[in-house]
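Q: My structure is stored as model_35.cif, with mmCIF, C-alpha atoms.
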```cif
data_run
loop_
_atom_site.label_atom_id
_atom_site.label_comp_id
_atom_site.auth_asym_id
_atom_site.auth_seq_id
_atom_site.Cartn_x
_atom_site.Cartn_y
_atom_site.Cartn_z
CA MET A 1 -39.05 79.34 8.75
CA SER A 2 -41.46 80.94 6.30
CA VAL A 3 -45.05 80.68 7.44
CA ASN A 4 -47.77 81.67 4.98
CA GLY A 5 -45.30 83.79 3.06
CA VAL A 6 -43.86 85.61 6.09
CA THR A 7 -40.50 84.84 7.67
CA ARG A 8 -41.06 83.96 11.31
CA THR A 9 -38.50 83.35 14.01
CA VAL A 10 -39.56 81.22 16.94
CA ARG A 11 -37.77 80.01 20.05
CA ALA A 12 -38.90 76.49 20.81
CA TYR A 13 -37.59 73.26 22.27
CA PRO A 14 -36.21 71.06 19.46
CA MET A 15 -38.76 68.34 20.24
CA ALA A 16 -41.74 70.70 20.57
CA ARG A 17 -44.36 69.57 18.08
CA LEU A 18 -44.70 71.85 15.06
CA LEU A 19 -48.46 71.79 15.73
CA ASP A 20 -47.93 73.41 19.16
CA VAL A 21 -45.45 75.93 17.78
CA LEU A 22 -47.97 77.02 15.14
CA ARG A 23 -50.89 77.23 17.55
CA GLU A 24 -49.25 78.54 20.70
CA GLU A 25 -46.22 80.52 19.58
CA LEU A 26 -47.56 81.87 16.30
CA ASP A 27 -51.26 82.02 17.23
CA LEU A 28 -52.22 80.13 14.08
CA THR A 29 -55.05 78.20 15.68
CA GLY A 30 -56.65 77.22 12.36
CA THR A 31 -54.51 74.08 12.49
CA LYS A 32 -56.40 71.71 14.80
CA GLU A 33 -55.33 68.90 17.03
CA GLY A 34 -57.46 65.78 16.75
CA CYS A 35 -55.78 62.53 17.70
CA GLY A 36 -52.22 63.80 18.11
CA GLU A 37 -50.84 60.61 16.59
CA GLY A 38 -51.05 61.00 12.84
CA GLU A 39 -54.31 59.11 12.42
CA CYS A 40 -56.87 61.85 11.82
CA GLY A 41 -55.30 64.54 9.64
CA SER A 42 -56.81 67.53 11.52
CA CYS A 43 -53.34 69.04 11.90
CA SER A 44 -52.45 68.67 8.20
CA ILE A 45 -50.32 71.47 6.77
CA LEU A 46 -48.00 71.78 3.78
CA MET A 47 -44.29 71.79 4.57
CA ASN A 48 -42.11 72.60 1.57
CA GLY A 49 -45.20 71.94 -0.55
CA VAL A 50 -45.75 68.47 0.89
CA LEU A 51 -48.76 67.39 2.95
CA VAL A 52 -47.71 66.41 6.49
CA ASN A 53 -49.27 65.94 9.92
CA SER A 54 -47.83 68.76 12.04
CA CYS A 55 -48.35 66.75 15.25
CA LEU A 56 -45.62 64.34 14.08
CA ILE A 57 -42.98 66.96 13.26
CA PRO A 58 -40.43 68.05 15.85
CA ALA A 59 -39.92 71.82 15.64
CA LEU A 60 -36.25 71.48 14.78
CA GLN A 61 -37.04 69.41 11.68
CA ALA A 62 -39.12 72.36 10.46
CA ARG A 63 -36.27 74.86 10.75
CA GLY A 64 -35.80 76.74 7.47
CA THR A 65 -38.83 75.17 5.80
CA ILE A 66 -41.74 76.80 4.01
CA ILE A 67 -45.01 76.24 5.85
CA LEU A 68 -48.52 76.79 4.56
CA THR A 69 -51.44 76.63 6.98
CA ILE A 70 -55.13 77.28 6.42
CA GLU A 71 -54.58 80.95 7.37
CA GLY A 72 -52.33 81.39 4.34
CA LEU A 73 -54.82 80.26 1.68
CA ALA A 74 -57.11 83.25 1.20
CA HIS A 75 -55.81 86.44 -0.40
CA ASP A 76 -57.15 89.51 1.37
CA ASP A 77 -60.89 88.90 1.34
CA ARG A 78 -60.83 86.52 -1.62
CA LEU A 79 -61.16 82.90 -0.59
CA HIS A 80 -59.10 80.14 -2.17
CA PRO A 81 -61.25 78.22 -4.69
CA LEU A 82 -61.28 75.20 -2.39
CA GLN A 83 -62.48 77.29 0.55
CA GLN A 84 -65.17 78.79 -1.68
CA ALA A 85 -66.21 75.33 -2.86
CA PHE A 86 -66.39 73.99 0.72
CA LEU A 87 -68.61 76.96 1.57
CA GLU A 88 -70.88 76.51 -1.44
CA CYS A 89 -71.24 72.74 -0.94
CA GLY A 90 -71.82 72.88 2.80
CA ALA A 91 -68.71 70.72 3.22
CA ALA A 92 -68.13 71.74 6.86
CA GLN A 93 -70.18 70.71 9.83
CA CYS A 94 -68.41 71.00 13.18
CA GLY A 95 -65.37 72.33 11.33
CA ILE A 96 -62.56 70.58 13.19
CA CYS A 97 -61.45 68.52 10.18
CA THR A 98 -62.03 71.32 7.66
CA PRO A 99 -58.61 73.07 7.67
CA GLY A 100 -56.76 69.77 7.31
CA MET A 101 -59.25 68.50 4.75
CA ILE A 102 -58.78 71.65 2.63
CA LEU A 103 -54.98 71.45 2.81
CA ALA A 104 -55.06 67.77 1.83
CA ALA A 105 -57.24 68.82 -1.11
CA VAL A 106 -54.80 71.63 -2.03
CA HIS A 107 -52.01 69.04 -2.07
CA LEU A 108 -54.11 66.66 -4.17
CA LEU A 109 -55.05 69.28 -6.78
CA LYS A 110 -51.45 70.44 -7.00
CA ASN A 111 -50.41 66.93 -8.11
CA THR A 112 -53.61 65.86 -9.91
CA ARG A 113 -55.48 68.70 -11.58
CA ARG A 114 -58.70 66.83 -12.43
CA PRO A 115 -58.88 63.96 -9.94
CA SER A 116 -61.42 61.18 -10.27
CA LEU A 117 -63.67 60.42 -7.30
CA GLU A 118 -61.38 57.50 -6.49
CA GLU A 119 -58.35 59.79 -6.51
CA ILE A 120 -60.14 62.29 -4.28
CA ARG A 121 -61.04 59.54 -1.83
CA GLU A 122 -57.44 58.38 -1.73
CA GLY A 123 -56.05 61.91 -1.46
CA LEU A 124 -58.25 62.62 1.55
CA SER A 125 -58.03 59.14 3.09
CA GLY A 126 -55.79 60.34 5.91
CA ASN A 127 -58.31 62.99 6.97
CA LEU A 128 -61.19 61.83 9.09
CA CYS A 129 -64.50 63.70 9.39
CA ARG A 130 -66.30 62.47 12.49
CA CYS A 131 -69.48 64.26 11.40
CA THR A 132 -69.17 61.92 8.36
CA GLY A 133 -69.88 64.69 5.86
CA TYR A 134 -67.67 63.07 3.25
CA LEU A 135 -70.02 63.35 0.28
CA GLN A 136 -70.19 67.15 0.45
CA ILE A 137 -66.43 67.25 0.90
CA PHE A 138 -65.83 65.11 -2.21
CA GLU A 139 -68.34 67.24 -4.09
CA ALA A 140 -66.52 70.44 -3.06
CA VAL A 141 -63.15 69.12 -4.22
CA THR A 142 -64.65 68.02 -7.55
CA LYS A 143 -66.26 71.42 -7.98
CA ALA A 144 -63.04 73.30 -7.20
CA SER A 145 -61.07 71.10 -9.61
CA ARG A 146 -63.48 72.02 -12.41
CA ASN A 147 -63.25 75.74 -11.65
CA GLU A 148 -66.97 75.80 -11.00
CA VAL A 149 -66.80 78.03 -7.95
CA VAL A 150 -67.97 81.61 -7.92
CA SER A 151 -65.16 83.58 -6.37
CA MET B 1 -48.74 61.42 30.62
CA ARG B 2 -47.81 63.87 27.93
CA ALA B 3 -44.15 64.35 27.14
CA ASN B 4 -42.49 67.60 28.11
CA PRO B 5 -40.31 68.78 25.21
CA ALA B 6 -37.86 70.33 27.69
CA ASP B 7 -36.84 66.82 28.77
CA TYR B 8 -35.69 65.77 25.30
CA GLU B 9 -32.69 66.51 23.16
CA LEU B 10 -32.79 66.48 19.35
CA VAL B 11 -29.85 67.11 17.07
CA VAL B 12 -29.87 67.48 13.30
CA PRO B 13 -26.45 66.58 11.87
CA GLU B 14 -25.79 67.56 8.27
CA THR B 15 -24.02 64.41 7.17
CA LEU B 16 -24.35 60.67 7.63
CA GLN B 17 -20.77 60.55 8.94
CA GLU B 18 -21.71 62.87 11.81
CA VAL B 19 -24.69 60.69 12.70
CA LEU B 20 -22.51 57.57 12.74
CA ARG B 21 -19.84 59.30 14.85
CA LEU B 22 -22.47 60.33 17.37
CA GLN B 23 -23.88 56.80 17.50
CA SER B 24 -20.43 55.26 17.96
CA SER B 25 -19.54 57.69 20.76
CA GLU B 26 -22.56 56.60 22.83
CA PRO B 27 -23.91 53.38 21.31
CA GLY B 28 -27.62 52.91 21.85
CA SER B 29 -28.33 56.27 23.45
CA TRP B 30 -29.26 58.26 20.34
CA LEU B 31 -32.53 57.19 18.78
CA PRO B 32 -32.67 57.95 15.05
CA ILE B 33 -35.80 59.79 13.94
CA ALA B 34 -36.68 60.07 10.25
CA GLY B 35 -40.27 60.95 9.34
CA GLY B 36 -41.42 60.56 12.95
CA THR B 37 -44.57 58.63 12.10
CA ASP B 38 -43.76 56.02 14.77
CA VAL B 39 -41.33 57.85 17.07
CA MET B 40 -43.50 60.96 17.52
CA VAL B 41 -46.52 58.86 18.47
CA LEU B 42 -44.60 57.22 21.32
CA TYR B 43 -43.08 60.57 22.24
CA ALA B 44 -46.44 62.37 22.46
CA ALA B 45 -47.81 59.60 24.67
CA GLY B 46 -44.82 59.95 27.00
CA LYS B 47 -43.75 56.39 26.15
CA LEU B 48 -40.45 57.12 24.43
CA HIS B 49 -37.62 55.63 26.48
CA SER B 50 -34.87 57.51 24.70
CA ARG B 51 -34.30 61.13 25.76
CA LYS B 52 -31.79 61.82 23.01
CA LEU B 53 -32.80 61.81 19.38
CA VAL B 54 -30.84 62.29 16.21
CA SER B 55 -32.68 63.41 13.10
CA ILE B 56 -31.77 61.57 9.91
CA SER B 57 -34.64 62.89 7.81
CA GLY B 58 -32.68 65.44 5.79
CA LEU B 59 -29.79 63.18 4.82
CA ARG B 60 -29.48 62.99 1.04
CA GLU B 61 -27.26 59.88 1.27
CA LEU B 62 -30.27 57.93 2.55
CA ARG B 63 -32.84 59.21 0.06
CA ASN B 64 -31.54 57.73 -3.23
CA ILE B 65 -33.02 54.96 -5.31
CA GLU B 66 -30.13 53.61 -7.34
CA VAL B 67 -30.91 51.13 -10.11
CA THR B 68 -28.19 49.01 -11.71
CA SER B 69 -28.66 46.14 -14.14
CA ALA B 70 -28.55 43.70 -11.22
CA GLU B 71 -30.43 45.41 -8.39
CA ALA B 72 -32.44 48.32 -7.07
CA ARG B 73 -30.85 49.87 -4.02
CA ILE B 74 -33.36 51.89 -2.03
CA GLY B 75 -32.04 54.39 0.52
CA ALA B 76 -33.51 53.71 3.95
CA GLY B 77 -34.75 57.31 4.10
CA CYS B 78 -36.96 56.95 1.02
CA THR B 79 -40.57 57.68 1.85
CA TYR B 80 -43.55 55.60 0.72
CA THR B 81 -44.34 58.43 -1.69
CA ASP B 82 -40.82 58.11 -3.15
CA LEU B 83 -41.44 54.38 -3.67
CA ARG B 84 -44.85 54.88 -5.25
CA GLN B 85 -43.53 57.51 -7.66
CA HIS B 86 -40.43 55.63 -8.83
CA SER B 87 -40.93 54.10 -12.27
CA VAL B 88 -38.70 51.03 -11.77
CA ILE B 89 -40.22 50.25 -8.37
CA ALA B 90 -43.75 50.62 -9.76
CA LYS B 91 -42.97 48.37 -12.75
CA GLU B 92 -40.68 45.68 -11.37
CA PHE B 93 -41.56 45.65 -7.67
CA PRO B 94 -45.28 46.46 -7.76
CA LEU B 95 -45.94 44.87 -4.35
CA LEU B 96 -43.69 47.46 -2.76
CA ALA B 97 -45.50 50.34 -4.45
CA ARG B 98 -48.82 48.80 -3.45
CA ALA B 99 -47.79 48.26 0.18
CA GLY B 100 -46.68 51.90 0.16
CA ALA B 101 -50.12 52.97 -0.99
CA TRP B 102 -51.72 50.94 1.83
CA THR B 103 -49.55 52.49 4.53
CA GLY B 104 -51.31 55.34 6.35
CA GLY B 105 -52.79 58.21 4.36
CA ILE B 106 -50.94 60.55 2.00
CA ALA B 107 -49.43 62.69 4.80
CA ASN B 108 -47.92 59.64 6.48
CA GLN B 109 -46.70 58.27 3.15
CA ASN B 110 -44.94 61.60 2.60
CA ARG B 111 -43.02 61.22 5.87
CA GLY B 112 -42.82 57.52 6.74
CA THR B 113 -39.71 55.77 5.44
CA LEU B 114 -38.92 52.22 4.37
CA GLY B 115 -35.92 52.10 6.74
CA GLY B 116 -38.10 53.36 9.57
CA ASN B 117 -40.67 50.66 8.93
CA ILE B 118 -37.92 48.02 9.09
CA ALA B 119 -36.23 49.44 12.20
CA ASN B 120 -39.55 49.85 14.01
CA ALA B 121 -39.92 46.10 13.46
CA SER B 122 -43.67 45.90 13.95
CA PRO B 123 -45.09 42.49 12.98
CA ALA B 124 -47.82 44.50 11.22
CA GLY B 125 -45.61 46.67 8.98
CA ASP B 126 -47.11 46.38 5.49
CA SER B 127 -43.89 46.70 3.50
CA LEU B 128 -42.08 44.01 5.52
CA PRO B 129 -43.66 40.80 4.12
CA VAL B 130 -43.12 42.32 0.67
CA LEU B 131 -39.38 42.74 1.32
CA LEU B 132 -39.33 39.15 2.56
CA VAL B 133 -40.77 37.70 -0.65
CA TYR B 134 -38.46 39.88 -2.73
CA ASP B 135 -35.51 38.32 -0.82
CA ALA B 136 -34.17 41.79 -0.03
CA ASP B 137 -30.79 42.42 1.56
CA LEU B 138 -30.14 45.15 4.10
CA ILE B 139 -27.03 47.30 4.06
CA LEU B 140 -26.22 48.39 7.61
CA VAL B 141 -23.65 51.09 8.39
CA SER B 142 -21.77 52.26 11.44
CA ALA B 143 -18.52 54.11 12.09
CA ARG B 144 -16.96 50.64 12.05
CA GLY B 145 -17.95 50.03 8.44
CA GLU B 146 -20.68 48.47 6.37
CA ARG B 147 -22.23 45.01 6.28
CA ARG B 148 -24.84 43.35 4.12
CA ILE B 149 -27.28 40.83 5.55
CA PRO B 150 -30.29 38.96 4.15
CA TYR B 151 -33.40 40.75 5.40
CA ARG B 152 -35.03 37.45 6.37
CA THR B 153 -32.49 37.06 9.19
CA PHE B 154 -33.02 40.61 10.54
CA HIS B 155 -35.99 40.14 12.89
CA THR B 156 -35.03 37.86 15.76
CA GLY B 157 -38.04 38.24 18.07
CA TYR B 158 -40.85 40.66 18.87
CA LYS B 159 -39.31 44.10 18.17
CA LYS B 160 -35.84 42.52 18.34
CA THR B 161 -33.46 42.84 15.40
CA LEU B 162 -29.86 42.28 14.35
CA LEU B 163 -29.22 46.05 14.27
CA ALA B 164 -26.28 46.85 16.57
CA PRO B 165 -26.65 49.84 18.94
CA ASP B 166 -24.27 51.96 16.85
CA GLU B 167 -25.72 50.91 13.49
CA LEU B 168 -28.14 52.50 11.07
CA ILE B 169 -30.04 50.93 8.18
CA HIS B 170 -28.44 52.50 5.13
CA SER B 171 -30.30 50.91 2.24
CA ILE B 172 -32.36 47.99 1.03
CA SER B 173 -31.24 46.04 -2.00
CA ILE B 174 -33.56 43.97 -4.19
CA SER B 175 -32.37 41.83 -7.11
CA ARG B 176 -33.92 42.53 -10.49
CA ASN B 177 -34.27 38.83 -11.31
CA LEU B 178 -38.00 38.44 -10.86
CA GLN B 179 -38.97 37.80 -14.48
CA GLY B 180 -41.53 35.07 -14.81
CA TYR B 181 -42.91 35.43 -11.29
CA ILE B 182 -46.54 36.11 -10.59
CA SER B 183 -46.94 38.27 -7.53
CA TYR B 184 -49.76 38.88 -5.07
CA ALA B 185 -50.31 40.96 -1.96
CA LYS B 186 -53.38 41.65 0.08
CA LYS B 187 -53.98 43.60 3.25
CA VAL B 188 -57.01 42.83 5.36
CA GLY B 189 -57.80 45.62 7.80
CA ALA B 190 -60.67 47.80 8.98
CA ARG B 191 -60.05 50.21 6.11
CA ASN B 192 -57.39 50.66 3.45
CA ALA B 193 -55.71 53.83 4.66
CA GLN B 194 -54.89 54.66 8.27
CA ALA B 195 -55.68 51.22 9.61
CA ILE B 196 -53.12 48.69 10.74
CA SER B 197 -53.42 45.28 9.10
CA LYS B 198 -55.23 42.40 10.77
CA VAL B 199 -53.58 40.04 8.28
CA PHE B 200 -51.23 40.65 5.37
CA LEU B 201 -50.02 38.16 2.77
CA ALA B 202 -47.36 38.74 0.14
CA ALA B 203 -46.72 35.91 -2.33
CA MET B 204 -44.83 35.14 -5.51
CA ALA B 205 -44.66 32.04 -7.66
CA ARG B 206 -43.12 30.80 -10.88
CA ILE B 207 -45.11 28.14 -12.71
CA SER B 208 -43.76 25.69 -15.24
CA ASN B 209 -46.14 23.30 -17.02
CA THR B 210 -48.87 23.73 -14.38
CA MET B 211 -46.33 22.90 -11.64
CA ILE B 212 -45.18 25.30 -8.93
CA GLU B 213 -41.49 25.63 -9.68
CA ASP B 214 -40.75 28.23 -7.01
CA VAL B 215 -42.91 29.94 -4.43
CA ARG B 216 -42.26 32.58 -1.80
CA LEU B 217 -44.77 33.46 0.92
CA ALA B 218 -44.58 35.99 3.75
CA ALA B 219 -47.22 37.19 6.18
CA GLY B 220 -47.72 40.09 8.56
CA SER B 221 -49.65 40.29 11.86
CA VAL B 222 -49.69 36.50 12.37
CA GLY B 223 -46.69 36.15 14.69
CA PRO B 224 -44.15 38.15 16.70
CA ILE B 225 -42.27 39.14 13.55
CA PRO B 226 -43.10 39.53 9.88
CA MET B 227 -42.51 35.95 8.76
CA ARG B 228 -41.50 33.99 5.68
CA LEU B 229 -43.72 30.90 5.55
CA ALA B 230 -40.92 28.45 4.73
CA LYS B 231 -42.77 25.26 5.70
CA THR B 232 -45.79 26.17 3.60
CA GLU B 233 -43.51 27.03 0.70
CA ARG B 234 -41.90 23.56 0.94
CA ALA B 235 -45.32 21.92 0.95
CA LEU B 236 -46.21 23.68 -2.30
CA VAL B 237 -43.11 23.52 -4.41
CA GLY B 238 -43.05 20.88 -7.14
CA ARG B 239 -46.82 20.37 -6.91
CA THR B 240 -49.66 21.03 -9.31
CA ILE B 241 -52.44 23.26 -8.03
CA ASP B 242 -55.60 21.34 -7.23
CA ASP B 243 -58.11 21.01 -4.38
CA SER B 244 -55.92 18.70 -2.34
CA LEU B 245 -53.01 21.12 -2.52
CA LEU B 246 -55.25 23.92 -1.28
CA GLU B 247 -56.23 21.78 1.68
CA ILE B 248 -52.62 20.90 2.48
CA ALA B 249 -51.57 24.55 2.19
CA GLY B 250 -54.29 25.58 4.66
CA GLU B 251 -53.26 22.93 7.17
CA VAL B 252 -49.54 23.63 6.99
CA VAL B 253 -49.89 27.40 7.18
CA ALA B 254 -52.15 27.18 10.23
CA LYS B 255 -49.42 25.22 12.04
CA GLU B 256 -46.66 27.52 10.91
CA ILE B 257 -48.01 30.84 12.21
CA GLN B 258 -48.40 32.07 15.81
CA PRO B 259 -51.23 34.61 15.71
CA ILE B 260 -52.59 36.21 18.88
CA ASP B 261 -55.84 37.81 20.02
CA ASP B 262 -55.46 41.59 20.32
CA ILE B 263 -57.45 44.81 19.92
CA ARG B 264 -57.57 44.45 16.14
CA SER B 265 -58.52 40.83 15.71
CA THR B 266 -58.41 37.28 17.05
CA ALA B 267 -56.03 34.40 16.42
CA ASN B 268 -58.84 32.31 14.89
CA TYR B 269 -59.90 35.01 12.51
CA ARG B 270 -56.31 35.69 11.45
CA THR B 271 -55.67 32.01 10.72
CA MET B 272 -58.84 31.62 8.71
CA VAL B 273 -58.26 34.79 6.70
CA LEU B 274 -54.65 33.88 5.97
CA GLN B 275 -55.81 30.47 4.72
CA ASN B 276 -58.33 32.23 2.50
CA LEU B 277 -55.74 34.65 1.13
CA LEU B 278 -53.40 31.80 0.38
CA GLY B 279 -56.26 30.01 -1.38
CA GLU B 280 -57.04 33.12 -3.41
CA PHE B 281 -53.40 33.42 -4.46
CA LEU B 282 -53.17 29.76 -5.48
CA ARG B 283 -56.49 29.78 -7.38
CA GLY B 284 -55.28 32.74 -9.41
CA LEU B 285 -52.13 31.00 -10.63
CA PRO B 286 -52.05 29.72 -14.21
CA GLY B 287 -52.75 26.00 -14.45
CA ALA B 288 -54.77 25.92 -11.22
CA ARG B 289 -57.46 23.20 -11.36
CA ILE B 290 -59.73 23.94 -8.45
CA ALA B 291 -63.25 22.53 -8.32
CA SER B 292 -64.45 24.03 -5.04
#
```
Any chance you could give the structure as structure tokens?
A:
Amino acid sequence: MSVNGVTRTVRAYPMARLLDVLREELDLTGTKEGCGEGECGSCSILMNGVLVNSCLIPALQARGTIILTIEGLAHDDRLHPLQQAFLECGAAQCGICTPGMILAAVHLLKNTRRPSLEEIREGLSGNLCRCTGYLQIFEAVTKASRNEVVS
Amino acid sequence: MRANPADYELVVPETLQEVLRLQSSEPGSWLPIAGGTDVMVLYAAGKLHSRKLVSISGLRELRNIEVTSAEARIGAGCTYTDLRQHSVIAKEFPLLARAGAWTGGIANQNRGTLGGNIANASPAGDSLPVLLVYDADLILVSARGERRIPYRTFHTGYKKTLLAPDELIHSISISRNLQGYISYAKKVGARNAQAISKVFLAAMARISNTMIEDVRLAAGSVGPIPMRLAKTERALVGRTIDDSLLEIAGEVVAKEIQPIDDIRSTANYRTMVLQNLLGEFLRGLPGARIAS
């Protein structure tokens, strides 16, 4: 599979969770495990451009796919506009939900360039922030969608 | 106890024929996995009985939405996102698009499939009451051939269905003859996304001269299976909508359902909320004369 633009070959059991393959075999620990049952969105990644929970994907179903994790968003030392916006708005507290939240936002902005607050809330509804810092998160996504970040 | 991946087998056949051959060679031993939104949860918790899984998620044959002048035939492998984005579904079967939007968050809608929701047979599946009021048919396939059954006969008991051990749900067919119907669906749960329903009502009615000419009602999370409320329907058809009808509807529906107390809600609450939803649906119909 292609992970963050690089072709990676991994030996894994077919039913190993993609989440574990990313974290343990590929050392991409930016993808977090929260609930492990598709309820919290901490393990969100993009697979073939589509937002998915990596805890619910058997490794074999990911064979030959294109994976984007949080580690693949920044270019050299330039942050992705959403990362920059999260930073500027203080949209991360403990940080566990942040990678998934940002990838859900990447997916949202790919399909809806200037989302309304309602659309942002829906786009991120599968991602839970237990610090409850939702307002800053919504603000960051709005800011990034309006190209108001300094990057 | 967490599952050990070494104990499980998963194969990814490239065609539907191969999947069916595998299922016919050892009926009942290969569990189909599509988007994994139910199967992987059981697996991770170490509660999956089946040790052999067959992936059907990449099969193109199951991912079509085919629209003819008579029906829409939805491949069982279509995701909720596929349903929400399809123009005919959104326009003619809005309850299905809406139930899709209420199922999980975006990531689960991108993976969860309509066929998976049916096969998983949870009494709380949000798309299931909707398929019941649309009078959907299921097309089931196996190496032995294909058969078509009315969806309302499919669920036979809690998590029990008519699906034979070597069969797969191929597609879901809905007739495009719903002109003149007013439709309604409401989910009551702790939150819209990522929360399983406490009560779900899907309803449709055709009104002629203030009289209910036809009505279809189906509810989720109020019994062991997603259920068509046939007795309540019979109590309503041919009647005009007034306070006394609302009262009758509430009484009949309370007798027809078998809700339970569980972690999400209580039987009493479910009954009362379903009565209220039914009342809301009836009040909204044209010609309703409700004082209270």
Q: If the cut-off is 12 Å, can you tell me the residues of chain A near chain B, counting all atoms listed in the file? I'd like them as an mmCIF file with C-alpha atoms, keeping the file's coordinate frame.
A:
```
data_model
loop_
_atom_site.group_PDB
_atom_site.id
_atom_site.type_symbol
_atom_site.label_atom_id
_atom_site.label_comp_id
_atom_site.auth_asym_id
_atom_site.auth_seq_id
_atom_site.Cartn_x
_atom_site.Cartn_y
_atom_site.Cartn_z
ATOM 1 C CA ALA A 12 -38.900 76.490 20.810
ATOM 2 C CA TYR A 13 -37.590 73.260 22.270
ATOM 3 C CA PRO A 14 -36.210 71.060 19.460
ATOM 4 C CA MET A 15 -38.760 68.340 20.240
ATOM 5 C CA ALA A 16 -41.740 70.700 20.570
ATOM 6 C CA ARG A 17 -44.360 69.570 18.080
ATOM 7 C CA LEU A 18 -44.700 71.850 15.060
ATOM 8 C CA LEU A 19 -48.460 71.790 15.730
ATOM 9 C CA ASP A 20 -47.930 73.410 19.160
ATOM 10 C CA VAL A 21 -45.450 75.930 17.780
ATOM 11 C CA CYS A 35 -55.780 62.530 17.700
ATOM 12 C CA GLY A 36 -52.220 63.800 18.110
ATOM 13 C CA GLU A 37 -50.840 60.610 16.590
ATOM 14 C CA GLY A 38 -51.050 61.000 12.840
ATOM 15 C CA GLU A 39 -54.310 59.110 12.420
ATOM 16 C CA CYS A 40 -56.870 61.850 11.820
ATOM 17 C CA GLY A 41 -55.300 64.540 9.640
ATOM 18 C CA SER A 42 -56.810 67.530 11.520
ATOM 19 C CA CYS A 43 -53.340 69.040 11.900
ATOM 20 C CA SER A 44 -52.450 68.670 8.200
ATOM 21 C CA ILE A 45 -50.320 71.470 6.770
ATOM 22 C CA LEU A 46 -48.000 71.780 3.780
ATOM 23 C CA MET A 47 -44.290 71.790 4.570
ATOM 24 C CA ASN A 48 -42.110 72.600 1.570
ATOM 25 C CA GLY A 49 -45.200 71.940 -0.550
ATOM 26 C CA VAL A 50 -45.750 68.470 0.890
ATOM 27 C CA LEU A 51 -48.760 67.390 2.950
ATOM 28 C CA VAL A 52 -47.710 66.410 6.490
ATOM 29 C CA ASN A 53 -49.270 65.940 9.920
ATOM 30 C CA SER A 54 -47.830 68.760 12.040
ATOM 31 C CA CYS A 55 -48.350 66.750 15.250
ATOM 32 C CA LEU A 56 -45.620 64.340 14.080
ATOM 33 C CA ILE A 57 -42.980 66.960 13.260
ATOM 34 C CA PRO A 58 -40.430 68.050 15.850
ATOM 35 C CA ALA A 59 -39.920 71.820 15.640
ATOM 36 C CA LEU A 60 -36.250 71.480 14.780
ATOM 37 C CA GLN A 61 -37.040 69.410 11.680
ATOM 38 C CA ALA A 62 -39.120 72.360 10.460
ATOM 39 C CA ARG A 63 -36.270 74.860 10.750
ATOM 40 C CA GLY A 64 -35.800 76.740 7.470
ATOM 41 C CA THR A 65 -38.830 75.170 5.800
ATOM 42 C CA GLY A 100 -56.760 69.770 7.310
ATOM 43 C CA MET A 101 -59.250 68.500 4.750
ATOM 44 C CA LEU A 103 -54.980 71.450 2.810
ATOM 45 C CA ALA A 104 -55.060 67.770 1.830
ATOM 46 C CA ALA A 105 -57.240 68.820 -1.110
ATOM 47 C CA HIS A 107 -52.010 69.040 -2.070
ATOM 48 C CA LEU A 108 -54.110 66.660 -4.170
ATOM 49 C CA ASN A 111 -50.410 66.930 -8.110
ATOM 50 C CA GLU A 119 -58.350 59.790 -6.510
ATOM 51 C CA ILE A 120 -60.140 62.290 -4.280
ATOM 52 C CA ARG A 121 -61.040 59.540 -1.830
ATOM 53 C CA GLU A 122 -57.440 58.380 -1.730
ATOM 54 C CA GLY A 123 -56.050 61.910 -1.460
ATOM 55 C CA LEU A 124 -58.250 62.620 1.550
ATOM 56 C CA SER A 125 -58.030 59.140 3.090
ATOM 57 C CA GLY A 126 -55.790 60.340 5.910
ATOM 58 C CA ASN A 127 -58.310 62.990 6.970
ATOM 59 C CA LEU A 128 -61.190 61.830 9.090
#
```
Q: Which value, in Å to one decimal, gives the distance between atom CA of B:Ser265 and atom CA of B:Lys198?
A: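 Computing it gives 6.1 Å between the two atoms.
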Q: Between atom CA of A:Leu79 and atom CA of A:Arg113, what is the distance in Å, rounded to a tenth?
A: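 Taking atom CA of A:Leu79 as the start and atom CA of A:Arg113 as the end point, the length is 18.8 Å.
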Q: If I put a ball of radius 12 Å at (-38.8, 28.3, 3.1) in the file's coordinates, which residues poke into it when counting only C-alpha atoms, written as an NGL selection string?
A: :B and (132-133 or 135 or 152 or 214-218 or 227-237 or 253 or 256)
Q: For stretch 246-250 of chain B, find every residue with an atom within 10 Å (counting only C-alpha atoms), except residues of its own chain fewer than 2 positions away, and show them as a list in words.
A: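 Neighbouring residues, sequence-local ones excluded: Lys231, Thr232, Glu233, Arg234, Ala235, Leu236, Ile241, Asp242, Asp243, Ser244, Val252, Val253, Ala254, Lys255, Thr271, Met272, Leu274, Gln275, Asn276, Leu277, Leu278, Gly279, Glu280, Leu282, Arg283, Ile290 and Ser292 of chain B.
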Q: Please list as JSON, numbers by chain every residue within 10 Å of A:Cys131, counting all atoms listed in the file and excluding residues in the same chain fewer than 2 positions away.
A: {"A": [92, 93, 94, 95, 96, 97, 128, 129, 133, 134]}
Q: Those selected residues, please, written with C-alpha atoms and delivered as a PDB file, in the frame of the given file.
A:
```
ATOM      1  CA  ALA A  92     -68.130  71.740   6.860  1.00  0.00           C
ATOM      2  CA  GLN A  93     -70.180  70.710   9.830  1.00  0.00           C
ATOM      3  CA  CYS A  94     -68.410  71.000  13.180  1.00  0.00           C
ATOM      4  CA  GLY A  95     -65.370  72.330  11.330  1.00  0.00           C
ATOM      5  CA  ILE A  96     -62.560  70.580  13.190  1.00  0.00           C
ATOM      6  CA  CYS A  97     -61.450  68.520  10.180  1.00  0.00           C
ATOM      7  CA  LEU A 128     -61.190  61.830   9.090  1.00  0.00           C
ATOM      8  CA  CYS A 129     -64.500  63.700   9.390  1.00  0.00           C
ATOM      9  CA  GLY A 133     -69.880  64.690   5.860  1.00  0.00           C
ATOM     10  CA  TYR A 134     -67.670  63.070   3.250  1.00  0.00           C
TER      11      TYR A 134
END
```
